[in-house]
Amino acid sequence: MMGLFNCYVRESSFVKQQQTAIKMYKIASEERFLLWAVCSVQLQVLCGNGGEKLLLLAEGLLKKHVATHSLHEPEALMVYISLLEQQDKYSHALEILSGNLGSLLMVEVDKLRIQGRLLARTGDYKAAADVYEKILESCPDDWECLQHYLDCLLEDDPTRGNEPIENRIDAIKFADCRSIPLTDEVFDSRITRASTFVHKLQENLGNDIVRCPYLGNLEIERRKHLYGKGDEQKLMEDLIQYFFRFGHLACFTSDVEVFVQVLSSDRKMELFKKLIESSSTISQVPAKALGLSITVFKFQQLVGNIYGLTVGGLEDLAVKMVEMFCKNLPLSKDLDPQESMHGEELLSMACNVLIQLFWRTQYFGFILEAIMVLEFGLTIRRHVSQYKILLVHLYSHLGAISLAYDRYKSLEVKNILLETVSHNILPQMLGSLLWMDLNTLLRDYLKFMDDHFKESADLTFLAYRHRNYSKAIEFVQFKERLQNSNQYLLARIESAILELKQNASNIDEEECILENLKYGVHFVELSNEIGLKSLTFNEDLESRPWWTPTPEGNYLLGPVEEISHFPKDNLRKKREANTRTLIEKKALLPRMIYLSIQSASVSFKDGVEVNGSGSNPNVSSEMKLLLEHYAKILGYHLSDALGVLGEVCRGLKSTEVFGVDMIDWVNFAVFSNAWKLNSNEFDSQEKESHKFGSWHGVDTLLKKCILERLKFLSTPISLHITDFQMLVRLITEPLSWHVLLIQSCVRTSVPSGKKKKKSGSVDLSVLTLSSAVQDSIQSLCGTFEEVMKWLRNQIRRLEYKEENLEGILLSMGNEVQKGRPGGVFQILETMCSSGSKELGNRISGALKSWDSNNLVRKIVSDQHAVLSETLSVCESKCRTLKALKQQILQI
């Protein structure tokens, strides 16, 4: 029966788990089997469709067991309390905790934390505050506990205790909507109690480096401000005192960020000036002085002063940061290569300043300097992940995708980091022609996820066996979170689409792939169900640069506004809506490709009557349903969407009407053309005009969209990566699907062996349609010739040094002009050429290997490779079309 229970765990069959566990409990009367059943009930409520009435059943079973057998494991008590909390029975949970069963919890602080939480939820804030004081006396650096303590003292919505700490403490956002439950007298009394207690904690610390009690002073002042009793001067004094004590730590700025937001703009600037003055008087110890200087730079960014600087001011700031890093390199000479260098953050900060300079001036030399700064840092120490992530995005912006992918690979991303970190490279790879690398990336990610889903059941059952019930529930919830990952669903679809793109020139291979994909039926089901799914977003967006806060956003692509910084807003809701739409659209593609091939084959088969009596009604009707679904996702009814396409093809509307959905619209045009070939929606005359006019319309649309992309693109140095990726996707997606249709038509229409042609109207229809296909091939070949001409032009331009990044590097080596790139570059070159015994053998040896010219050559070479690969794909597709033209001439 335990084996059977394990099987149900593997299948996430919570009801069967519960039933099996109850049977075992009845046979053996063992506590663990009862707890297995209770956990199964909790999972039905948390992760299944079970109603909360089930919790009453589980509670009744536990009560009966406690009355007859008591409980013997701390984990059993934790399950009992959590079960009561799920039903909001906090008083009952307190009784259990205070009774004999409470002795199961051996660590007093753990017991107090549960007690404080339960008391707060019952509304007994005074008793809860007393409990939290006891906890803080034992654990004075427990910042979350201090937050709960103040919540209870001020009766300040302590029920938010389950939310992440960063959400709860940022109460400024709620200041206008929160009620103030306390009178002035009570508030003053309780805030005085809090201040007295926090000072007592500080006195008891001695010389220990514990930050929480000192942060407590700041938090108390912030709370006073929210109640209209704040004193900005007092808060500033406390911030300066905190700076004197902890300003050299890397965490200082993130510690004080929420408190600084309380201050007015003038006060922020005043505080910034005081920190600058204080930093020079605090310490002469080099490492500590360096830490203080870095904190001042960070604080300058925090208060927004950095974004108001002139171009010259920004340039001076970048130079100062890089000079400071170089000057303090001797501090790191004895460190192990695995250890962080002193001042490591200075280079990533300098990189961000240089990116702002590029955004303001549009001089590509600043981007080049930003790359050099990071690569310089990696030459000295190759383990700095933040440098690598920044480089991934910078190389991607320049169109050097191979270099971006190399830097991503050097992060050695494994296991769960594949879920949280791969967003830094995956979108760029999906828009590139690095199909082998993309296939590896998707395969490794999907393998980890699928392996985890298999192993998760074993881990869950292991947790049950070892009586670690909270872990069992945690494992199940974690698995569900990963199964609903937006990235996982997209990766599954993109992996299928990639395989279809790779083999689009061979219709026989394509049909084998579609067969393995169950002809896309499963993905259609996913598209229909996506609205009901609760998507999860597990990506770590904090690691991304400020200028590309989400995979969908890149501020460097313009427009350039007066202010050169956008904060990382919470775009989660918007991202979720966009991602649902994206999954819904992409999931339809494999099925639509399959049906399009079938539709094109049927329309060319011998014996098809002009009135369409030989058409396949099942293919036609399903195709129409999918097109209606696709048009709905685009925001139109089917007839209206077809009307928009017609107007664009006739030149009555520009392609701007498609917006960011251009690929989807052109896909829609290709698939609607395939549908019209085999549809009974029109009479014989309409059918002929729709059938042949639609071919011409698709050709016109493809040509218009592709040639417009070429107009937007400039030299490879300023390669507008979005437009280039759009060009690549137009060629490898809708155009490829259209070529598949042509292959299907040609394969069906070309006579084979001694097969005799039929006579009459069938021949006329086939000949007319084959003429339309020939015209289509001619049009597509002409479009490819234009693209290939542009690509060859760009490749030639890369060979002229004065027109590429090597020319920019040469100009940066000359006399530096204010507001122009070169200042940072010359510092790096001087540092590498001077050499110094103070740096130690390891750093000196690393600097000798630095070669800025080689770095630039790599970027140019990678841009060359990107263009050459695109040219190769175009040439291959052109050859395929010409071969098809020769075949269709046999009709």
# chains A, B, ... in the order shown; residues from 1 in each chain; ligands from 1
>>> residues_around(residues="A:Asn484", least_positions_apart="5", cutoff="10 Å", atoms="only C-alpha atoms", output="PDB file with N, CA, C and O atoms, in the first residue's frame")
ATOM      1  N   LYS A 479       6.786  22.079  -7.783  1.00  0.00           N
ATOM      2  CA  LYS A 479       6.587  21.400  -9.072  1.00  0.00           C
ATOM      3  C   LYS A 479       5.475  22.089  -9.863  1.00  0.00           C
ATOM      4  O   LYS A 479       5.599  22.322 -11.072  1.00  0.00           O
ATOM      5  N   LEU A 489       6.367  26.718 -20.957  1.00  0.00           N
ATOM      6  CA  LEU A 489       5.368  26.528 -22.017  1.00  0.00           C
ATOM      7  C   LEU A 489       5.869  27.073 -23.348  1.00  0.00           C
ATOM      8  O   LEU A 489       5.729  26.430 -24.392  1.00  0.00           O
ATOM      9  N   ILE A 530      -4.916  28.053 -22.401  1.00  0.00           N
ATOM     10  CA  ILE A 530      -3.967  28.981 -21.768  1.00  0.00           C
ATOM     11  C   ILE A 530      -4.663  30.044 -20.923  1.00  0.00           C
ATOM     12  O   ILE A 530      -4.145  30.508 -19.918  1.00  0.00           O
ATOM     13  N   LYS A 533      -5.086  28.822 -17.376  1.00  0.00           N
ATOM     14  CA  LYS A 533      -3.888  28.496 -16.608  1.00  0.00           C
ATOM     15  C   LYS A 533      -3.434  29.679 -15.760  1.00  0.00           C
ATOM     16  O   LYS A 533      -3.579  30.827 -16.156  1.00  0.00           O
ATOM     17  N   SER A 534      -2.879  29.355 -14.611  1.00  0.00           N
ATOM     18  CA  SER A 534      -2.287  30.381 -13.751  1.00  0.00           C
ATOM     19  C   SER A 534      -0.787  30.395 -14.009  1.00  0.00           C
ATOM     20  O   SER A 534      -0.033  29.635 -13.413  1.00  0.00           O
ATOM     21  N   LEU A 535      -0.368  31.261 -14.934  1.00  0.00           N
ATOM     22  CA  LEU A 535       1.045  31.295 -15.325  1.00  0.00           C
ATOM     23  C   LEU A 535       1.916  31.805 -14.185  1.00  0.00           C
ATOM     24  O   LEU A 535       1.511  32.685 -13.421  1.00  0.00           O
ATOM     25  N   THR A 536       3.123  31.262 -14.105  1.00  0.00           N
ATOM     26  CA  THR A 536       4.088  31.765 -13.125  1.00  0.00           C
ATOM     27  C   THR A 536       5.270  32.383 -13.866  1.00  0.00           C
ATOM     28  O   THR A 536       5.631  31.956 -14.957  1.00  0.00           O
ATOM     29  N   PHE A 537       5.870  33.390 -13.247  1.00  0.00           N
ATOM     30  CA  PHE A 537       7.022  34.091 -13.814  1.00  0.00           C
ATOM     31  C   PHE A 537       8.156  33.987 -12.802  1.00  0.00           C
ATOM     32  O   PHE A 537       8.155  34.667 -11.778  1.00  0.00           O
ATOM     33  N   ASN A 538       9.095  33.110 -13.094  1.00  0.00           N
ATOM     34  CA  ASN A 538      10.155  32.798 -12.131  1.00  0.00           C
ATOM     35  C   ASN A 538      11.481  33.464 -12.480  1.00  0.00           C
ATOM     36  O   ASN A 538      12.485  33.214 -11.822  1.00  0.00           O
TER      37      ASN A 538
END
>>> select_by_dssp(residues="stretch 446-645 of chain A", states="helix (DSSP H, G or I)", output="VMD selection string")
chain A and resid 446 to 465 469 to 483 486 to 502 507 to 516 518 to 532 541 to 543 555 to 557 572 to 586 589 to 604 617 to 633 638 to 645
>>> closest_residue(among="A:Ser82, A:Asn673, A:Ser265, A:Gln743", to="A:Gln887", atoms="only C-alpha atoms")
A:Gln743
>>> atom_distance(atom1="atom CA of A:Tyr519", atom2="atom CA of A:Arg591")
5.8 Å
>>> residues_around(residues="stretch 11-16 of chain A", least_positions_apart="5", cutoff="8 Å", atoms="only C-alpha atoms", output="ChimeraX atom specification")
/A:5,40-41,43-44,48
>>> residues_around(residues="A:Gln241", least_positions_apart="4", cutoff="12 Å", atoms="only C-alpha atoms", output="short mmCIF file (atom, residue, chain, number, x, y, z; two decimals) with N, CA, C and O atoms, in the first residue's frame")
data_model
loop_
_atom_site.label_atom_id
_atom_site.label_comp_id
_atom_site.auth_asym_id
_atom_site.auth_seq_id
_atom_site.Cartn_x
_atom_site.Cartn_y
_atom_site.Cartn_z
N ARG A 211 23.18 44.98 12.06
CA ARG A 211 22.58 46.19 11.47
C ARG A 211 21.14 46.43 11.92
O ARG A 211 20.67 47.56 11.91
N TYR A 214 20.02 49.29 14.35
CA TYR A 214 20.27 50.63 13.81
C TYR A 214 19.30 50.96 12.67
O TYR A 214 18.86 52.09 12.52
N LEU A 215 18.96 49.91 11.88
CA LEU A 215 17.90 50.11 10.90
C LEU A 215 16.56 50.37 11.58
O LEU A 215 15.69 51.05 11.04
N ASN A 217 16.02 52.27 14.15
CA ASN A 217 15.87 53.71 14.33
C ASN A 217 15.27 54.36 13.09
O ASN A 217 14.38 55.21 13.16
N LEU A 218 15.80 53.97 11.92
CA LEU A 218 15.34 54.55 10.65
C LEU A 218 13.88 54.16 10.38
O LEU A 218 13.08 54.98 9.93
N LYS A 234 15.69 64.75 11.77
CA LYS A 234 16.05 63.61 12.62
C LYS A 234 16.36 62.38 11.75
O LYS A 234 17.33 61.63 12.01
N LEU A 235 15.54 62.14 10.72
CA LEU A 235 15.78 61.01 9.84
C LEU A 235 17.12 61.14 9.13
O LEU A 235 17.88 60.17 9.00
N MET A 236 17.45 62.36 8.68
CA MET A 236 18.74 62.59 8.02
C MET A 236 19.90 62.31 8.98
O MET A 236 20.91 61.70 8.60
N GLU A 237 19.76 62.75 10.21
CA GLU A 237 20.82 62.52 11.21
C GLU A 237 21.02 61.01 11.44
O GLU A 237 22.15 60.53 11.52
N ARG A 245 28.56 54.14 10.49
CA ARG A 245 28.77 52.79 11.01
C ARG A 245 28.87 51.74 9.91
O ARG A 245 29.70 50.83 9.98
N PHE A 246 28.02 51.86 8.88
CA PHE A 246 27.92 50.79 7.88
C PHE A 246 28.12 51.26 6.43
O PHE A 246 27.89 50.49 5.50
N GLY A 247 28.54 52.50 6.23
CA GLY A 247 28.65 53.06 4.89
C GLY A 247 29.61 52.33 3.98
O GLY A 247 29.49 52.40 2.76
N PHE A 252 24.77 48.97 1.95
CA PHE A 252 24.28 50.21 2.57
C PHE A 252 23.13 50.83 1.77
O PHE A 252 22.07 51.16 2.32
N VAL A 256 19.06 51.45 2.97
CA VAL A 256 18.43 52.74 3.30
C VAL A 256 17.47 53.23 2.22
O VAL A 256 16.83 54.28 2.41
N LEU A 271 21.32 65.58 1.85
CA LEU A 271 21.89 64.38 2.46
C LEU A 271 23.06 63.85 1.64
O LEU A 271 24.09 63.46 2.19
N LYS A 274 26.14 65.80 2.35
CA LYS A 274 26.69 65.50 3.68
C LYS A 274 27.42 64.15 3.68
O LYS A 274 28.43 63.99 4.38
N LEU A 275 26.91 63.20 2.91
CA LEU A 275 27.59 61.90 2.83
C LEU A 275 28.95 62.05 2.16
O LEU A 275 29.92 61.40 2.56
N SER A 278 31.21 63.50 4.73
CA SER A 278 31.51 62.54 5.80
C SER A 278 32.48 61.45 5.34
O SER A 278 33.30 60.97 6.13
N SER A 279 32.38 61.06 4.06
CA SER A 279 33.17 59.93 3.58
C SER A 279 34.67 60.19 3.69
O SER A 279 35.46 59.25 3.85
N ILE A 282 35.81 59.59 7.66
CA ILE A 282 35.48 58.39 8.44
C ILE A 282 36.68 57.48 8.64
O ILE A 282 37.03 57.10 9.75
#
>>> atom_distance(atom1="atom CA of A:Arg193", atom2="atom CA of A:Ile135")
16.2 Å
>>> residues_around(residues="stretch 319-323 of chain A", least_positions_apart="4", cutoff="7 Å", atoms="only C-alpha atoms", output="ChimeraX atom specification")
/A:315,327,346-347,350,823-824,827
>>> closest_atom_pairs(of="stretch 794-890 of chain A", to="stretch 769-773 of chain A", cutoff="9 Å", atoms="only C-alpha atoms", output="CSV")
residue,atom,partner,partner_atom,distance
A:Lys885,CA,A:Val773,CA,8.6
A:Ile888,CA,A:Ser770,CA,7.0
A:Leu889,CA,A:Ser770,CA,8.7
